[in-house]
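> After the structure tokens below, expect a handful of questions from me.
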Amino acid sequence: MHVLVLYAHPEPKSFNAALKEASLEAIAAAGHTAEVSDLYAEGFDPVAGRHDFSTIADPDFFHYQNEQALAAKENGFSEELKREQARVDRADAFILHFPLWWGGPPAILKGWFDRVMAFGFAYRDGTRFDTGLYKGKRGLMCVTTGGTTERFSEAGVYGPIEKVLWPTNRLMLEYMGLEVQPPFVAYAAPRVDAAQRLRYFSDWKSAVGKLVA
């Protein structure tokens, strides 16, 4: 199995980065391969526009999905997008590593989905969810939060983490047809003690092991 690790954190010394390294260790230990799209380090541009394409469907009115459809048909994506799409094509599973910012992933990761997972490439009419083009492949999120477990509970101020992450889980990963495991969340990552961090590493490696089993 080959895993694409989408890593969206700007600090290489962060706990999120350490969990990403734990992913690679667990994947290798299970006898599988992985590659990383390090979005910040690689300077990925999250902003969509005509610069995404060498082809032009309509020079007078920019309709992004129509431009994506033509680019998919005529190999007209930018070199940056071709690189990322090649990584997608090689993957049997996807791991998303990101901190929770304003109730969702950082803009750079959302922009990756906007630009890379294009109409005509990652989905088409009639190929969503159970009929998605990535049916048979797997997905998993690894999320770090500043908020505690209590804050992300039914009685907490933020509500259950499942509701918070639902748009990413359902309308991005499951939308593609992926078999998605429950998200792994390292709550209050900046404030937990060393023992809790070790438990997070252990639990996360177990989750990765299930993904690639």
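Ordered as shown in the structure tokens, chains take letters A, B, and onward, while each chain numbers its residues from 1 and ligands are numbered from 1 in the order shown.
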If you run DSSP on the backbone here, which positions in chain A get helix (DSSP H, G or I)? Please write them as a ChimeraX atom specification.
/A:15-29,50-52,64-74,79-90,107-116,129-131,161-164,166-176,194-212
> Could you go through segment 30-180 of chain A and tell me which residues DSSP, when run on the backbone, assigns to strand (DSSP E), listing them as a PyMOL selection string?
chain A and resi 33-38+93-99+138-144+179-180
> With N, CA and C atoms kept, could you save the residues just selected as an mmCIF file, in the first residue's frame?

data_model
loop_
_atom_site.group_PDB
_atom_site.id
_atom_site.type_symbol
_atom_site.label_atom_id
_atom_site.label_comp_id
_atom_site.auth_asym_id
_atom_site.auth_seq_id
_atom_site.Cartn_x
_atom_site.Cartn_y
_atom_site.Cartn_z
ATOM 1 N N THR A 33 4.688 1.969 1.879
ATOM 2 C CA THR A 33 5.420 3.165 1.465
ATOM 3 C C THR A 33 4.541 4.401 1.616
ATOM 4 N N ALA A 34 5.210 5.553 1.662
ATOM 5 C CA ALA A 34 4.488 6.812 1.818
ATOM 6 C C ALA A 34 5.267 7.935 1.162
ATOM 7 N N GLU A 35 4.562 8.990 0.818
ATOM 8 C CA GLU A 35 5.197 10.240 0.432
ATOM 9 C C GLU A 35 4.399 11.379 1.046
ATOM 10 N N VAL A 36 5.067 12.508 1.232
ATOM 11 C CA VAL A 36 4.478 13.634 1.936
ATOM 12 C C VAL A 36 4.320 14.821 0.997
ATOM 13 N N SER A 37 3.128 15.395 0.984
ATOM 14 C CA SER A 37 2.934 16.725 0.428
ATOM 15 C C SER A 37 3.001 17.692 1.604
ATOM 16 N N ASP A 38 4.151 18.325 1.783
ATOM 17 C CA ASP A 38 4.365 19.278 2.868
ATOM 18 C C ASP A 38 3.976 20.655 2.329
ATOM 19 N N ALA A 93 -4.114 5.232 -0.060
ATOM 20 C CA ALA A 93 -4.723 5.784 1.147
ATOM 21 C C ALA A 93 -4.195 7.193 1.361
ATOM 22 N N PHE A 94 -4.964 7.969 2.112
ATOM 23 C CA PHE A 94 -4.640 9.370 2.339
ATOM 24 C C PHE A 94 -4.720 9.661 3.835
ATOM 25 N N ILE A 95 -3.703 10.327 4.356
ATOM 26 C CA ILE A 95 -3.733 10.825 5.726
ATOM 27 C C ILE A 95 -3.626 12.338 5.687
ATOM 28 N N LEU A 96 -4.550 13.011 6.348
ATOM 29 C CA LEU A 96 -4.538 14.467 6.440
ATOM 30 C C LEU A 96 -4.049 14.859 7.832
ATOM 31 N N HIS A 97 -2.948 15.581 7.897
ATOM 32 C CA HIS A 97 -2.408 16.099 9.154
ATOM 33 C C HIS A 97 -2.621 17.603 9.188
ATOM 34 N N PHE A 98 -3.369 18.081 10.172
ATOM 35 C CA PHE A 98 -3.560 19.534 10.250
ATOM 36 C C PHE A 98 -3.998 19.968 11.647
ATOM 37 N N PRO A 99 -3.711 21.218 12.006
ATOM 38 C CA PRO A 99 -4.246 21.786 13.240
ATOM 39 C C PRO A 99 -5.653 22.319 12.961
ATOM 40 N N ARG A 138 -8.604 4.477 1.040
ATOM 41 C CA ARG A 138 -8.899 4.794 2.425
ATOM 42 C C ARG A 138 -8.459 6.208 2.785
ATOM 43 N N GLY A 139 -9.073 6.753 3.841
ATOM 44 C CA GLY A 139 -8.724 8.081 4.307
ATOM 45 C C GLY A 139 -8.776 8.177 5.818
ATOM 46 N N LEU A 140 -7.959 9.078 6.369
ATOM 47 C CA LEU A 140 -7.878 9.250 7.815
ATOM 48 C C LEU A 140 -7.355 10.645 8.113
ATOM 49 N N MET A 141 -7.938 11.306 9.112
ATOM 50 C CA MET A 141 -7.478 12.613 9.559
ATOM 51 C C MET A 141 -6.748 12.496 10.883
ATOM 52 N N CYS A 142 -5.680 13.274 11.030
ATOM 53 C CA CYS A 142 -4.974 13.431 12.298
ATOM 54 C C CYS A 142 -4.984 14.921 12.620
ATOM 55 N N VAL A 143 -5.695 15.288 13.672
ATOM 56 C CA VAL A 143 -5.966 16.695 13.959
ATOM 57 C C VAL A 143 -5.435 17.057 15.339
ATOM 58 N N THR A 144 -4.749 18.185 15.438
ATOM 59 C CA THR A 144 -4.355 18.723 16.736
ATOM 60 C C THR A 144 -5.233 19.927 17.050
ATOM 61 N N GLU A 179 -13.065 5.119 1.914
ATOM 62 C CA GLU A 179 -13.465 4.470 3.158
ATOM 63 C C GLU A 179 -12.723 5.206 4.278
ATOM 64 N N VAL A 180 -13.458 5.937 5.094
ATOM 65 C CA VAL A 180 -12.830 6.857 6.039
ATOM 66 C C VAL A 180 -12.927 6.325 7.461
#
> Give the answer as one residue: which of A:Ala213, A:Ile108, A:Val208, A:Leu171 has the shortest atom-to-atom distance to Glu25 of chain A, using only C-alpha atoms?
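Counting only C-alpha atoms, the residue closest to Glu25 of chain A is A:Val208.
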> Between A:Met176, A:Phe77, A:Glu154, A:Ala69, which is the closest to Ala122 of chain A once you count only C-alpha atoms?
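Among the listed residues, the smallest separation from Ala122 of chain A belongs to A:Met176.
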> Go through A:Val164, A:Ala48, A:Leu178, A:Leu100 one by one, measure the shortest atom-to-atom distance of each to Leu133 of chain A using only C-alpha atoms, and give the residue with the smallest value.
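Of all the options, A:Leu178 lies closest to Leu133 of chain A.
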> Do a neighbour search on segment 79-90 of chain A at 10 Å with only C-alpha atoms, toss out local chain neighbours closer than 5 positions, and write the hits as a list in words.
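The residues that qualify are Met1, His2, Val3, Leu4, Val5, Ala34, Glu35, Val36, Ser37, Phe44, Asp45, Asp52, Phe53, Ser54, Trp112, Arg115, Val116, Met117, Ala118, Phe121, Ala122 and Tyr134 of chain A.
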> So that I have them on file, write out the residues from the current selection with N, CA and C atoms, as a PDB file, in the first residue's frame.

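Contents of part-v6.pdb, freshly written:
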ATOM      1  N   MET A   1       0.846  -1.188   0.000  1.00  0.00           N
ATOM      2  CA  MET A   1       0.000   0.000   0.000  1.00  0.00           C
ATOM      3  C   MET A   1       0.886   1.244   0.000  1.00  0.00           C
ATOM      4  N   HIS A   2       0.458   2.247  -0.734  1.00  0.00           N
ATOM      5  CA  HIS A   2       1.182   3.519  -0.794  1.00  0.00           C
ATOM      6  C   HIS A   2       0.277   4.610  -0.245  1.00  0.00           C
ATOM      7  N   VAL A   3       0.812   5.397   0.700  1.00  0.00           N
ATOM      8  CA  VAL A   3       0.019   6.394   1.416  1.00  0.00           C
ATOM      9  C   VAL A   3       0.509   7.793   1.066  1.00  0.00           C
ATOM     10  N   LEU A   4      -0.421   8.675   0.724  1.00  0.00           N
ATOM     11  CA  LEU A   4      -0.113  10.088   0.556  1.00  0.00           C
ATOM     12  C   LEU A   4      -0.450  10.801   1.857  1.00  0.00           C
ATOM     13  N   VAL A   5       0.566  11.416   2.451  1.00  0.00           N
ATOM     14  CA  VAL A   5       0.398  12.171   3.691  1.00  0.00           C
ATOM     15  C   VAL A   5       0.319  13.644   3.337  1.00  0.00           C
ATOM     16  N   ALA A  34       5.210   5.553   1.662  1.00  0.00           N
ATOM     17  CA  ALA A  34       4.488   6.812   1.818  1.00  0.00           C
ATOM     18  C   ALA A  34       5.267   7.935   1.162  1.00  0.00           C
ATOM     19  N   GLU A  35       4.562   8.990   0.818  1.00  0.00           N
ATOM     20  CA  GLU A  35       5.197  10.240   0.432  1.00  0.00           C
ATOM     21  C   GLU A  35       4.399  11.379   1.046  1.00  0.00           C
ATOM     22  N   VAL A  36       5.067  12.508   1.232  1.00  0.00           N
ATOM     23  CA  VAL A  36       4.478  13.634   1.936  1.00  0.00           C
ATOM     24  C   VAL A  36       4.320  14.821   0.997  1.00  0.00           C
ATOM     25  N   SER A  37       3.128  15.395   0.984  1.00  0.00           N
ATOM     26  CA  SER A  37       2.934  16.725   0.428  1.00  0.00           C
ATOM     27  C   SER A  37       3.001  17.692   1.604  1.00  0.00           C
ATOM     28  N   PHE A  44       2.949  25.590  -1.409  1.00  0.00           N
ATOM     29  CA  PHE A  44       1.751  25.363  -2.209  1.00  0.00           C
ATOM     30  C   PHE A  44       0.852  26.595  -2.181  1.00  0.00           C
ATOM     31  N   ASP A  45       0.377  26.989  -3.346  1.00  0.00           N
ATOM     32  CA  ASP A  45      -0.511  28.148  -3.477  1.00  0.00           C
ATOM     33  C   ASP A  45      -1.951  27.678  -3.326  1.00  0.00           C
ATOM     34  N   ASP A  52      -4.111  28.152 -12.824  1.00  0.00           N
ATOM     35  CA  ASP A  52      -4.192  26.705 -12.661  1.00  0.00           C
ATOM     36  C   ASP A  52      -4.133  25.957 -13.990  1.00  0.00           C
ATOM     37  N   PHE A  53      -4.293  26.693 -15.102  1.00  0.00           N
ATOM     38  CA  PHE A  53      -4.514  26.021 -16.383  1.00  0.00           C
ATOM     39  C   PHE A  53      -3.643  26.593 -17.501  1.00  0.00           C
ATOM     40  N   SER A  54      -3.250  25.723 -18.423  1.00  0.00           N
ATOM     41  CA  SER A  54      -2.657  26.167 -19.686  1.00  0.00           C
ATOM     42  C   SER A  54      -3.709  26.208 -20.785  1.00  0.00           C
ATOM     43  N   TRP A 112      -5.745  23.152  -1.360  1.00  0.00           N
ATOM     44  CA  TRP A 112      -5.223  21.969  -2.057  1.00  0.00           C
ATOM     45  C   TRP A 112      -6.384  21.172  -2.638  1.00  0.00           C
ATOM     46  N   ARG A 115      -8.025  23.039  -5.673  1.00  0.00           N
ATOM     47  CA  ARG A 115      -7.247  23.110  -6.906  1.00  0.00           C
ATOM     48  C   ARG A 115      -6.861  21.727  -7.435  1.00  0.00           C
ATOM     49  N   VAL A 116      -6.421  20.834  -6.551  1.00  0.00           N
ATOM     50  CA  VAL A 116      -5.885  19.541  -6.994  1.00  0.00           C
ATOM     51  C   VAL A 116      -6.996  18.553  -7.325  1.00  0.00           C
ATOM     52  N   MET A 117      -7.988  18.469  -6.436  1.00  0.00           N
ATOM     53  CA  MET A 117      -9.039  17.473  -6.626  1.00  0.00           C
ATOM     54  C   MET A 117     -10.123  18.040  -7.547  1.00  0.00           C
ATOM     55  N   ALA A 118      -9.721  18.242  -8.755  1.00  0.00           N
ATOM     56  CA  ALA A 118     -10.504  18.993  -9.732  1.00  0.00           C
ATOM     57  C   ALA A 118     -11.604  18.147 -10.374  1.00  0.00           C
ATOM     58  N   PHE A 121     -10.958  15.244 -12.841  1.00  0.00           N
ATOM     59  CA  PHE A 121      -9.833  14.461 -12.325  1.00  0.00           C
ATOM     60  C   PHE A 121     -10.261  13.630 -11.131  1.00  0.00           C
ATOM     61  N   ALA A 122     -10.769  14.263 -10.072  1.00  0.00           N
ATOM     62  CA  ALA A 122     -11.101  13.571  -8.827  1.00  0.00           C
ATOM     63  C   ALA A 122     -12.567  13.201  -8.728  1.00  0.00           C
ATOM     64  N   TYR A 134     -12.622   7.145  -5.967  1.00  0.00           N
ATOM     65  CA  TYR A 134     -11.629   6.613  -5.046  1.00  0.00           C
ATOM     66  C   TYR A 134     -12.198   5.512  -4.161  1.00  0.00           C
TER      67      TYR A 134
END
> Using only C-alpha atoms, determine which residues lie at most 12 Å from Leu70 of chain A, disregarding the query and same-chain residues fewer than 2 positions distant; provide the list as an MDAnalysis selection string.
chainID A and resid 52:58 63:68 72:77 118:121
> Can you write out the residues you just picked, keeping C-alpha atoms, as a tab-separated table (two decimals), in the first residue's frame?

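And here's selection.tsv as it stands now:
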chain	number	residue	atom	x	y	z
A	52	ASP	CA	-4.19	26.70	-12.66
A	53	PHE	CA	-4.51	26.02	-16.38
A	54	SER	CA	-2.66	26.17	-19.69
A	55	THR	CA	-5.97	25.62	-21.46
A	56	ILE	CA	-8.86	28.12	-21.68
A	57	ALA	CA	-12.48	27.03	-21.91
A	58	ASP	CA	-13.92	30.56	-21.91
A	63	HIS	CA	-16.15	29.28	-14.48
A	64	TYR	CA	-13.73	27.22	-12.44
A	65	GLN	CA	-15.37	23.83	-12.84
A	66	ASN	CA	-15.63	24.23	-16.61
A	67	GLU	CA	-11.95	25.17	-16.78
A	68	GLN	CA	-11.09	22.12	-14.67
A	72	ALA	CA	-8.61	17.25	-17.28
A	73	LYS	CA	-9.52	16.38	-20.86
A	74	GLU	CA	-6.55	18.10	-22.51
A	75	ASN	CA	-3.81	17.73	-19.88
A	76	GLY	CA	-4.03	21.45	-19.23
A	77	PHE	CA	-3.30	21.72	-15.50
A	118	ALA	CA	-10.50	18.99	-9.73
A	119	PHE	CA	-13.68	18.21	-11.63
A	120	GLY	CA	-12.79	15.72	-14.33
A	121	PHE	CA	-9.83	14.46	-12.33
> Go through A:Pro182, A:Asp130, A:Asp203, A:Leu198 and flag the residue nearest Asn169 of chain A, using only C-alpha atoms for the distances.
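Among the listed residues, A:Pro182 lies closest to Asn169 of chain A.
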> Which is closer to Ser202 of chain A than all the others in A:Leu165, A:Leu39, A:Ala26, A:Met172, using only C-alpha atoms?
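Distance minimum relative to Ser202 of chain A lands on A:Ala26.
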> Can you pull out the residues contacting Lys20 of chain A? Cut-off 8 Å, using only C-alpha atoms, and skip same-chain residues under 3 positions away; I want them as a PyMOL selection string.
chain A and resi 5+7+16-17+23-24+97
> Those residues you just picked out, can you put them in a file as a tab-separated table (two decimals), in the first residue's frame with N, CA and C atoms?

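What ended up in part-v1.tsv:
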chain	number	residue	atom	x	y	z
A	5	VAL	N	0.57	11.42	2.45
A	5	VAL	CA	0.40	12.17	3.69
A	5	VAL	C	0.32	13.64	3.34
A	7	TYR	N	0.27	17.13	4.67
A	7	TYR	CA	0.70	17.75	5.92
A	7	TYR	C	0.56	19.27	5.80
A	16	ASN	N	2.14	18.51	15.76
A	16	ASN	CA	1.53	18.03	14.53
A	16	ASN	C	2.60	17.42	13.63
A	17	ALA	N	3.75	18.08	13.54
A	17	ALA	CA	4.85	17.55	12.73
A	17	ALA	C	5.37	16.23	13.30
A	23	SER	N	3.46	8.88	11.67
A	23	SER	CA	2.74	8.24	10.56
A	23	SER	C	3.72	7.51	9.66
A	24	LEU	N	4.79	8.19	9.28
A	24	LEU	CA	5.75	7.59	8.36
A	24	LEU	C	6.43	6.37	8.99
A	97	HIS	N	-2.95	15.58	7.90
A	97	HIS	CA	-2.41	16.10	9.15
A	97	HIS	C	-2.62	17.60	9.19
